[in-house]
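run36.txt, holding compact mmCIF, C-alpha atoms and all ligand atoms:
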# COMPACT_ATOMS: atom_id res chain seq x y z
CA MET A 1 2.00 14.89 -11.83
CA LEU A 2 -0.79 14.53 -9.29
CA LYS A 3 -0.22 11.32 -7.39
CA LYS A 4 -0.32 12.13 -3.68
CA CYS A 5 -3.27 12.42 -1.38
CA LEU A 6 -3.17 13.58 2.23
CA PHE A 7 -5.62 12.45 4.91
CA PRO A 8 -5.61 14.54 8.10
CA VAL A 9 -6.82 12.03 10.70
CA ALA A 10 -5.59 13.40 14.02
CA GLY A 11 -9.06 14.55 15.26
CA TYR A 12 -10.62 13.00 18.37
CA GLY A 13 -14.11 12.12 17.19
CA THR A 14 -15.72 13.32 20.41
CA ARG A 15 -19.20 13.20 18.90
CA PHE A 16 -18.97 9.42 18.75
CA LEU A 17 -17.76 8.80 22.31
CA PRO A 18 -17.58 6.31 23.86
CA ALA A 19 -17.13 4.39 20.55
CA THR A 20 -14.05 6.49 19.77
CA LYS A 21 -12.44 6.22 23.18
CA ALA A 22 -9.93 3.56 22.14
CA MET A 23 -10.61 3.48 18.39
CA PRO A 24 -10.01 6.16 15.75
CA LYS A 25 -13.24 7.67 14.42
CA GLU A 26 -11.95 7.01 10.90
CA MET A 27 -12.17 3.27 11.63
CA LEU A 28 -15.90 3.33 12.46
CA PRO A 29 -17.48 0.87 10.03
CA LEU A 30 -19.93 2.05 7.40
CA VAL A 31 -21.57 -1.35 6.93
CA ASN A 32 -18.48 -3.56 6.33
CA LYS A 33 -15.72 -1.04 5.61
CA PRO A 34 -14.13 1.60 7.83
CA LEU A 35 -15.02 5.16 6.86
CA VAL A 36 -11.46 6.07 5.88
CA GLN A 37 -11.29 3.25 3.33
CA TYR A 38 -14.02 4.89 1.25
CA GLY A 39 -11.88 8.03 1.01
CA VAL A 40 -8.77 6.02 0.12
CA GLU A 41 -10.67 4.13 -2.59
CA GLU A 42 -11.89 7.45 -4.01
CA ALA A 43 -8.26 8.69 -4.12
CA ILE A 44 -7.04 5.52 -5.86
CA GLU A 45 -9.85 5.79 -8.41
CA ALA A 46 -8.60 9.33 -9.14
CA GLY A 47 -5.08 7.96 -9.78
CA LEU A 48 -3.72 9.20 -6.44
CA THR A 49 -1.86 6.16 -5.21
CA GLU A 50 0.59 7.69 -2.72
CA ILE A 51 -1.48 8.07 0.39
CA GLY A 52 -0.20 10.10 3.35
CA PHE A 53 -1.84 10.25 6.77
CA VAL A 54 -1.33 13.02 9.29
CA THR A 55 -2.10 11.12 12.46
CA GLY A 56 -1.99 11.59 16.20
CA ARG A 57 -2.08 9.53 19.36
CA GLY A 58 -4.40 6.52 19.33
CA LYS A 59 -4.52 6.13 15.54
CA ARG A 60 -2.46 2.95 15.21
CA ALA A 61 -5.46 0.97 13.94
CA ILE A 62 -5.36 2.98 10.70
CA GLU A 63 -1.78 1.87 10.04
CA ASP A 64 -2.67 -1.74 10.78
CA HIS A 65 -5.69 -1.58 8.50
CA PHE A 66 -3.63 -0.55 5.47
CA ASP A 67 -1.05 -3.25 6.09
CA THR A 68 -1.05 -7.00 5.64
CA ASN A 69 -2.23 -9.04 8.62
CA PHE A 70 -0.05 -12.09 8.20
CA GLU A 71 -1.84 -14.34 10.70
CA LEU A 72 -5.27 -13.52 9.31
CA GLU A 73 -4.10 -14.05 5.73
CA GLN A 74 -2.67 -17.47 6.66
CA GLN A 75 -5.81 -18.55 8.47
CA ILE A 76 -8.18 -17.49 5.75
CA ALA A 77 -6.14 -18.52 2.67
CA GLY A 78 -7.99 -21.05 0.56
CA THR A 79 -11.21 -20.86 2.61
CA SER A 80 -14.60 -19.51 1.52
CA LYS A 81 -13.97 -16.43 3.67
CA GLU A 82 -11.11 -15.22 1.55
CA LYS A 83 -13.49 -13.15 -0.58
CA TYR A 84 -14.10 -10.79 2.34
CA LEU A 85 -10.48 -9.66 2.23
CA GLU A 86 -10.44 -8.95 -1.49
CA CYS A 87 -11.32 -5.26 -1.42
CA ILE A 88 -8.76 -4.30 1.22
CA ARG A 89 -6.08 -6.44 -0.46
CA ARG A 90 -6.70 -4.51 -3.67
CA VAL A 91 -6.31 -1.18 -1.86
CA ILE A 92 -3.07 -2.30 -0.22
CA SER A 93 -1.58 -3.50 -3.51
CA ASP A 94 -2.69 -0.46 -5.55
CA ALA A 95 -1.35 2.24 -3.22
CA SER A 96 1.51 3.07 -0.86
CA PHE A 97 0.94 4.45 2.64
CA SER A 98 3.01 6.75 4.79
CA TYR A 99 2.41 8.47 8.09
CA THR A 100 3.48 11.52 10.01
CA ARG A 101 2.21 12.95 13.27
CA GLN A 102 0.64 16.25 14.12
CA GLY A 103 2.12 16.83 17.59
CA GLU A 104 -0.38 19.46 18.66
CA MET A 105 -3.95 19.98 17.45
CA ARG A 106 -3.56 23.40 15.88
CA GLY A 107 -6.18 23.20 13.13
CA LEU A 108 -6.63 21.81 9.63
CA GLY A 109 -4.17 24.28 8.10
CA ASP A 110 -1.48 23.15 10.53
CA ALA A 111 -2.29 19.46 9.90
CA ILE A 112 -1.79 20.00 6.16
CA LEU A 113 1.48 21.86 6.83
CA GLN A 114 2.73 18.87 8.85
CA GLY A 115 1.94 16.74 5.80
CA ARG A 116 4.58 18.64 3.83
CA ARG A 117 7.11 16.03 4.98
CA LEU A 118 5.16 13.43 2.98
CA ILE A 119 4.28 15.64 0.01
CA GLY A 120 7.40 17.65 -0.83
CA ASP A 121 7.14 20.18 -3.63
CA GLU A 122 4.25 18.76 -5.67
CA PRO A 123 0.56 19.43 -6.12
CA PHE A 124 -1.53 17.10 -3.97
CA ALA A 125 -5.07 16.32 -2.87
CA VAL A 126 -6.56 16.45 0.61
CA VAL A 127 -9.48 14.30 1.76
CA LEU A 128 -11.40 14.83 4.98
CA ALA A 129 -12.73 11.32 5.52
CA ASP A 130 -15.69 12.59 7.58
CA ASP A 131 -17.20 13.87 4.35
CA LEU A 132 -18.25 10.72 2.50
CA CYS A 133 -18.73 11.54 -1.19
CA LEU A 134 -20.38 9.01 -3.48
CA ASN A 135 -21.15 9.23 -7.15
CA GLU A 136 -22.36 6.53 -9.51
CA GLU A 137 -19.88 7.63 -12.14
CA LEU A 138 -16.44 9.15 -11.52
CA GLY A 139 -15.88 10.10 -7.84
CA VAL A 140 -15.42 13.68 -6.66
CA LEU A 141 -11.60 13.55 -6.49
CA GLY A 142 -11.52 12.07 -10.00
CA GLN A 143 -13.64 14.96 -11.24
CA MET A 144 -11.31 17.45 -9.53
CA VAL A 145 -8.16 15.83 -10.96
CA GLN A 146 -9.61 16.31 -14.46
CA LEU A 147 -10.16 19.99 -13.71
CA TYR A 148 -6.68 20.35 -12.26
CA LYS A 149 -5.17 19.04 -15.50
CA GLN A 150 -6.95 21.84 -17.31
CA PHE A 151 -6.44 24.75 -14.88
CA ARG A 152 -3.34 23.88 -12.80
CA CYS A 153 -4.39 25.74 -9.68
CA SER A 154 -5.84 24.91 -6.26
CA ILE A 155 -9.43 23.65 -6.32
CA VAL A 156 -11.93 23.20 -3.48
CA ALA A 157 -15.12 21.16 -3.66
CA VAL A 158 -18.28 23.10 -2.80
CA GLU A 159 -21.95 22.36 -2.28
CA GLU A 160 -24.94 24.61 -1.68
CA VAL A 161 -26.24 24.19 1.86
CA PRO A 162 -29.24 25.73 3.63
CA ARG A 163 -28.43 29.09 5.24
CA GLU A 164 -29.06 27.76 8.75
CA GLN A 165 -26.20 25.28 8.31
CA ILE A 166 -23.67 27.58 6.69
CA HIS A 167 -21.93 28.44 10.00
CA LYS A 168 -20.53 24.88 10.12
CA PHE A 169 -18.44 25.31 6.95
CA GLY A 170 -15.84 27.30 5.11
CA VAL A 171 -17.81 29.47 2.66
CA ILE A 172 -16.76 30.88 -0.70
CA ALA A 173 -17.83 33.70 -2.99
CA GLY A 174 -16.81 33.62 -6.62
CA ASN A 175 -17.45 34.37 -10.26
CA GLU A 176 -18.88 31.47 -12.24
CA ILE A 177 -16.50 30.88 -15.16
CA LYS A 178 -18.42 27.89 -16.47
CA PRO A 179 -21.40 25.97 -15.12
CA GLY A 180 -20.53 24.73 -11.63
CA LEU A 181 -17.00 26.20 -11.62
CA TYR A 182 -16.18 29.43 -9.78
CA GLN A 183 -13.10 31.60 -9.52
CA VAL A 184 -12.91 32.33 -5.80
CA THR A 185 -13.04 35.99 -4.75
CA ASP A 186 -13.68 35.49 -1.04
CA MET A 187 -13.52 32.72 1.52
CA VAL A 188 -14.53 32.72 5.19
CA GLU A 189 -14.21 29.96 7.77
CA LYS A 190 -17.49 29.20 9.56
CA PRO A 191 -19.13 32.64 9.36
CA PRO A 192 -22.41 33.45 11.12
CA ALA A 193 -25.25 33.03 8.57
CA GLU A 194 -25.79 36.79 8.25
CA GLU A 195 -22.12 37.36 7.35
CA ALA A 196 -21.72 34.44 4.93
CA PRO A 197 -20.73 35.61 1.43
CA SER A 198 -22.94 32.90 -0.15
CA ASN A 199 -24.48 29.52 0.63
CA MET A 200 -21.66 27.65 -1.13
CA ALA A 201 -19.98 25.50 1.54
CA ILE A 202 -16.54 23.93 1.24
CA ILE A 203 -16.67 20.13 1.40
CA GLY A 204 -13.68 18.02 2.47
CA ARG A 205 -11.98 17.59 -0.91
CA TYR A 206 -9.12 19.85 -1.99
CA ILE A 207 -6.44 19.93 -4.64
CA LEU A 208 -3.62 22.20 -3.53
CA THR A 209 -0.56 23.54 -5.30
CA PRO A 210 2.59 23.35 -3.16
CA ASP A 211 2.95 27.11 -2.66
CA ILE A 212 0.09 26.62 -0.16
CA PHE A 213 2.65 25.43 2.42
CA GLU A 214 4.38 28.84 2.64
CA LEU A 215 1.00 30.55 2.72
CA ILE A 216 -0.11 28.35 5.64
CA ARG A 217 3.11 29.19 7.44
CA GLU A 218 2.28 32.89 7.07
CA THR A 219 -1.35 32.43 8.16
CA PRO A 220 -2.09 33.54 11.73
CA PRO A 221 -4.53 31.50 13.84
CA GLY A 222 -8.10 32.32 12.79
CA LYS A 223 -11.51 30.86 13.71
CA ASN A 224 -11.36 29.08 17.09
CA GLY A 225 -7.69 30.07 17.46
CA GLU A 226 -6.70 27.45 14.86
CA VAL A 227 -4.67 27.78 11.66
CA GLN A 228 -7.32 27.49 8.95
CA ILE A 229 -6.71 26.16 5.44
CA THR A 230 -9.59 28.43 4.36
CA ASP A 231 -7.54 31.53 5.32
CA ALA A 232 -4.43 30.29 3.48
CA LEU A 233 -6.55 29.55 0.41
CA LEU A 234 -7.99 33.07 0.46
CA ALA A 235 -4.42 34.43 0.39
CA GLN A 236 -3.72 32.13 -2.56
CA ALA A 237 -6.89 33.29 -4.33
CA GLN A 238 -5.86 36.93 -3.86
CA ARG A 239 -2.41 36.30 -5.34
CA GLY A 240 -3.41 34.06 -8.20
CA CYS A 241 -6.27 31.70 -8.73
CA VAL A 242 -8.30 29.28 -6.63
CA LEU A 243 -11.30 27.48 -8.12
CA ALA A 244 -14.40 26.17 -6.38
CA TYR A 245 -16.14 23.22 -7.98
CA ALA A 246 -19.76 22.21 -7.39
CA PHE A 247 -19.18 18.47 -7.73
CA LYS A 248 -21.46 15.79 -9.08
CA GLY A 249 -22.46 13.28 -6.44
CA ARG A 250 -23.85 12.95 -2.99
CA ARG A 251 -22.17 13.95 0.24
CA PHE A 252 -22.83 12.65 3.74
CA ASP A 253 -21.58 14.32 6.91
CA CYS A 254 -20.19 11.28 8.69
CA GLY A 255 -18.75 13.53 11.39
CA SER A 256 -22.27 13.68 12.87
CA VAL A 257 -24.28 10.74 14.16
CA ASP A 258 -27.30 11.61 11.98
CA GLY A 259 -25.16 11.86 8.83
CA PHE A 260 -23.39 8.63 9.70
CA ILE A 261 -26.66 6.73 10.02
CA GLU A 262 -27.99 8.23 6.78
CA ALA A 263 -24.77 7.17 5.03
CA THR A 264 -24.97 3.68 6.55
CA ASN A 265 -28.49 3.15 5.20
CA TYR A 266 -27.55 4.52 1.79
CA VAL A 267 -24.38 2.42 1.50
CA TYR A 268 -26.16 -0.73 2.66
CA GLU A 269 -28.76 -0.46 -0.09
CA ASN A 270 -26.77 1.10 -2.91
CA VAL A 271 -23.26 -0.26 -2.43
CA TYR A 272 -23.17 -3.25 -0.08
CA LEU A 273 -26.18 -5.27 -1.31
CA PRO A 274 -25.36 -4.90 -5.05
CA GLU A 275 -21.72 -5.85 -4.31
CA GLN A 276 -22.79 -8.98 -2.39
CA ALA A 277 -25.13 -9.93 -5.22
CA ARG A 278 -22.19 -9.66 -7.66
CA ILE A 279 -19.99 -11.83 -5.43
CA ASP A 280 -22.74 -14.46 -5.05
CA ALA A 281 -23.38 -14.53 -8.81
CA ALA A 282 -19.64 -14.94 -9.52
CA GLU A 283 -19.45 -17.84 -7.02
CA LYS A 284 -22.36 -19.66 -8.64
CA LYS A 285 -20.65 -19.65 -12.05
C1 LIG B 301 -13.33 21.69 7.82
C2 LIG B 301 -12.95 23.01 7.15
C3 LIG B 301 -14.17 23.72 6.61
C4 LIG B 301 -14.95 22.79 5.69
C5 LIG B 301 -15.28 21.47 6.42
C6 LIG B 301 -15.89 20.46 5.46
O1 LIG B 301 -14.05 22.00 9.00
O2 LIG B 301 -12.25 23.82 8.07
O3 LIG B 301 -13.79 24.88 5.90
O4 LIG B 301 -16.13 23.42 5.26
O5 LIG B 301 -14.10 20.87 6.96
O6 LIG B 301 -16.33 19.33 6.13
P1 LIG B 301 -14.37 20.88 10.13
O7 LIG B 301 -15.66 20.26 9.74
O8 LIG B 301 -13.23 19.92 10.14
O9 LIG B 301 -14.47 21.67 11.41
Spell out the structure here as structure tokens.
Amino acid sequence: MLKKCLFPVAGYGTRFLPATKAMPKEMLPLVNKPLVQYGVEEAIEAGLTEIGFVTGRGKRAIEDHFDTNFELEQQIAGTSKEKYLECIRRVISDASFSYTRQGEMRGLGDAILQGRRLIGDEPFAVVLADDLCLNEELGVLGQMVQLYKQFRCSIVAVEEVPREQIHKFGVIAGNEIKPGLYQVTDMVEKPPAEEAPSNMAIIGRYILTPDIFELIRETPPGKNGEVQITDALLAQAQRGCVLAYAFKGRRFDCGSVDGFIEATNYVYENVYLPEQARIDAAEKK
């Protein structure tokens, strides 16, 4: 059923220049792992093991990361350093990876449409790796997959944000059908605060049914002259049903320097250090 997950990764990462001049922003390390790997691990945890990337120029490092590095493997085999490769080896063996290019930067809607070549005619998830989502129990995509099994329609993740930040997001309005779950009645991409239909912001996790592709094709350029997934989803909501889900967990905006630093500190204390302690304890046995 649901097994594919699309990662649009063609963006430039201008806010992190010069770090992102020759390196994809998705490869910036959050402590010891590149940002995009957290998203891929979340997808795998949700049972989505066919990973598709919509890439662009200068993104080769992502392909190399999710592939075996023969020389490195040879060098490190049998040494005490082998443990550092374990988590990426697991990712590579648990999932398959494919790539397609977005020739022109025409917006998130267009990037997802380019991903059709990798998805075909199936429901699929989309992860925007800039939004790091962490939860002590099941991750956000895992929570959304459970909902999809029940409702079988497109679902977007949402979070309440302060009014003064709402202009940075897609915003929904909806009827709450059960606690934390809304049937979408309106959706606007990056509205000025005074025009926002609510303070419920769309976060970079989507489950989409495949009819979205035709709807994107019919969607004219919107905010900033780009084809917006938010506009295509509104069309889908008006025809049938789109749900918005206020997820359990914590989200960091790793597309901004402040959010990235906040995430780094959080991951260091709550993910990295406990993981190292586990590895050390296992070695001592
Ligand atoms: C995209 C979407 C927007 C959503 C946001 C979440 O915008 O277009 O609707 O709220 O991701 O991070 P971007 O931040 O890529 O401009």
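Going from atom C2 of ligand LIG 301 (chain B) over to CA of Ala246 (chain A), you cover 16.1 Å.
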- Query: In Å, with one decimal, what is the gap from CA of Ile212 (chain A) to CA of Lys168 (chain A)?
  - Reply: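 It comes out at 23.1 Å.
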- Item | Residues within 10 Å of Ala235 (chain A), all atoms listed in the file, excluding chain neighbours under 3 positions, as an MDAnalysis selection string | chainID A and resid 186:187 212 215:216 218:219 229:232 238:242
Same residues, C-alpha atoms, output as a short mmCIF file (atom, residue, chain, number, x, y, z; two decimals), in the coordinates of the input:
data_model
loop_
_atom_site.label_atom_id
_atom_site.label_comp_id
_atom_site.auth_asym_id
_atom_site.auth_seq_id
_atom_site.Cartn_x
_atom_site.Cartn_y
_atom_site.Cartn_z
CA ASP A 186 -13.68 35.49 -1.04
CA MET A 187 -13.52 32.72 1.52
CA ILE A 212 0.09 26.62 -0.16
CA LEU A 215 1.00 30.55 2.72
CA ILE A 216 -0.11 28.35 5.64
CA GLU A 218 2.28 32.89 7.07
CA THR A 219 -1.35 32.43 8.16
CA ILE A 229 -6.71 26.16 5.44
CA THR A 230 -9.59 28.43 4.36
CA ASP A 231 -7.54 31.53 5.32
CA ALA A 232 -4.43 30.29 3.48
CA GLN A 238 -5.86 36.93 -3.86
CA ARG A 239 -2.41 36.30 -5.34
CA GLY A 240 -3.41 34.06 -8.20
CA CYS A 241 -6.27 31.70 -8.73
CA VAL A 242 -8.30 29.28 -6.63
#
Once you count all atoms listed in the file, what closest atom pair and distance in Å to one decimal does each residue of chain A within 7 Å of ligand LIG 301 (chain B) have, with rows by chain and rising residue number, as JSON lines?
{"residue": "A:Leu108", "atom": "CA", "partner": "B:LIG301", "partner_atom": "O2", "distance": 6.2}
{"residue": "A:Leu128", "atom": "CA", "partner": "B:LIG301", "partner_atom": "O6", "distance": 6.8}
{"residue": "A:Asp130", "atom": "CA", "partner": "B:LIG301", "partner_atom": "O6", "distance": 6.9}
{"residue": "A:Asp131", "atom": "CA", "partner": "B:LIG301", "partner_atom": "O6", "distance": 5.8}
{"residue": "A:Lys168", "atom": "CA", "partner": "B:LIG301", "partner_atom": "O4", "distance": 6.7}
{"residue": "A:Phe169", "atom": "CA", "partner": "B:LIG301", "partner_atom": "O4", "distance": 3.4}
{"residue": "A:Gly170", "atom": "CA", "partner": "B:LIG301", "partner_atom": "O3", "distance": 3.3}
{"residue": "A:Val171", "atom": "CA", "partner": "B:LIG301", "partner_atom": "O4", "distance": 6.8}
{"residue": "A:Glu189", "atom": "CA", "partner": "B:LIG301", "partner_atom": "O3", "distance": 5.4}
{"residue": "A:Lys190", "atom": "CA", "partner": "B:LIG301", "partner_atom": "O3", "distance": 6.8}
{"residue": "A:Ala201", "atom": "CA", "partner": "B:LIG301", "partner_atom": "O4", "distance": 5.7}
{"residue": "A:Ile202", "atom": "CA", "partner": "B:LIG301", "partner_atom": "O4", "distance": 4.1}
{"residue": "A:Ile203", "atom": "CA", "partner": "B:LIG301", "partner_atom": "C6", "distance": 4.1}
{"residue": "A:Gly204", "atom": "CA", "partner": "B:LIG301", "partner_atom": "C6", "distance": 4.4}
{"residue": "A:Gln228", "atom": "CA", "partner": "B:LIG301", "partner_atom": "O2", "distance": 6.2}
{"residue": "A:Ile229", "atom": "CA", "partner": "B:LIG301", "partner_atom": "O2", "distance": 6.6}
{"residue": "A:Thr230", "atom": "CA", "partner": "B:LIG301", "partner_atom": "O3", "distance": 5.7}
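Separating CA of Ala173 (chain A) from CA of Ile155 (chain A) is a distance of 13.5 Å.
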- Item | Polymer residues at most 12 Å from Leu85 (chain A), all atoms listed in the file, same-chain spacing of 2 or more positions, as a PyMOL selection string | chain A and resi 32-33+65-66+68-69+72-83+87-92
Shell of 7 Å around Leu132 (chain A), only C-alpha atoms, local chain residues under 5 positions omitted, as an mmCIF file with C-alpha atoms, in the frame of the given file:
data_model
loop_
_atom_site.group_PDB
_atom_site.id
_atom_site.type_symbol
_atom_site.label_atom_id
_atom_site.label_comp_id
_atom_site.auth_asym_id
_atom_site.auth_seq_id
_atom_site.Cartn_x
_atom_site.Cartn_y
_atom_site.Cartn_z
ATOM 1 C CA ARG A 251 -22.170 13.950 0.240
ATOM 2 C CA PHE A 252 -22.830 12.650 3.740
ATOM 3 C CA ASP A 253 -21.580 14.320 6.910
ATOM 4 C CA CYS A 254 -20.190 11.280 8.690
#
- Pick from A:Glu214, A:Glu45, A:Glu26, A:Glu176 nearest to Arg60 (chain A), counting only C-alpha atoms: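 Checking each of A:Glu214, A:Glu45, A:Glu26, A:Glu176 against Arg60 (chain A), counting only C-alpha atoms, the winner is A:Glu26.
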- Pick from A:Leu28, A:Val54, A:Ala46, A:Ala95, whichever lies nearest to Leu138 (chain A) using only C-alpha atoms: A:Ala46
Identify, on the basis of all atoms listed in the file, every residue whose closest approach to region 269-280 of chain A does not exceed 8 Å; exclude the query and any residue fewer than 4 positions from it along the same chain; express the result as a compact mmCIF listing (two decimals) with C-alpha atoms, in the frame of the given file.
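Final output, part-v3.txt:
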# COMPACT_ATOMS: atom_id res chain seq x y z
CA VAL A 31 -21.57 -1.35 6.93
CA ASN A 32 -18.48 -3.56 6.33
CA ASN A 265 -28.49 3.15 5.20
CA LYS A 284 -22.36 -19.66 -8.64
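Among the candidates A:Met1, A:Leu113, A:Ile207, A:Ala237, the one nearest to Gly174 (chain A) when counting only C-alpha atoms is A:Ala237.
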- Message: Ranking A:Ala196, A:Leu181, A:Glu41, A:Gly255 by minimum distance to Gly13 (chain A) and counting only C-alpha atoms, which one comes first?
- Response: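 Looking only at the distances to Gly13 (chain A), the closest residue turns out to be A:Gly255.
Proximity to Lys178 (chain A) was assessed for A:Val140, A:Ala43, A:Ala10, A:Leu147 counting all atoms listed in the file; the smallest distance is recorded for A:Leu147.
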- Message: Taking only C-alpha atoms into account, name the residue in A:Val9, A:Val227, A:Leu134, A:Val156 that is nearest to Gly107 (chain A).
- Response: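 Under the stated criterion, the closest residue is A:Val227.
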Set the distance at 10 Å and use all atoms listed in the file: which residues neighbour Glu122 (chain A) once local chain neighbours fewer than 6 positions away are removed? I'd like the list as a compact mmCIF listing (two decimals) with C-alpha atoms, in the frame of the given file.
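Once written, part_25.txt looks like this:
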# COMPACT_ATOMS: atom_id res chain seq x y z
CA MET A 1 2.00 14.89 -11.83
CA LEU A 2 -0.79 14.53 -9.29
CA LYS A 3 -0.22 11.32 -7.39
CA LYS A 4 -0.32 12.13 -3.68
CA ARG A 116 4.58 18.64 3.83
CA LEU A 208 -3.62 22.20 -3.53
CA THR A 209 -0.56 23.54 -5.30
CA PRO A 210 2.59 23.35 -3.16
CA ASP A 211 2.95 27.11 -2.66
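Residues of protein, DNA or RNA having at least one counted atom within 8 Å of (-25.9, 28.4, 0.5), given only C-alpha atoms, are A:Glu159, A:Glu160, A:Val161, A:Pro162, A:Arg163, A:Ile166, A:Ser198, A:Asn199, A:Met200, A:Ala201.
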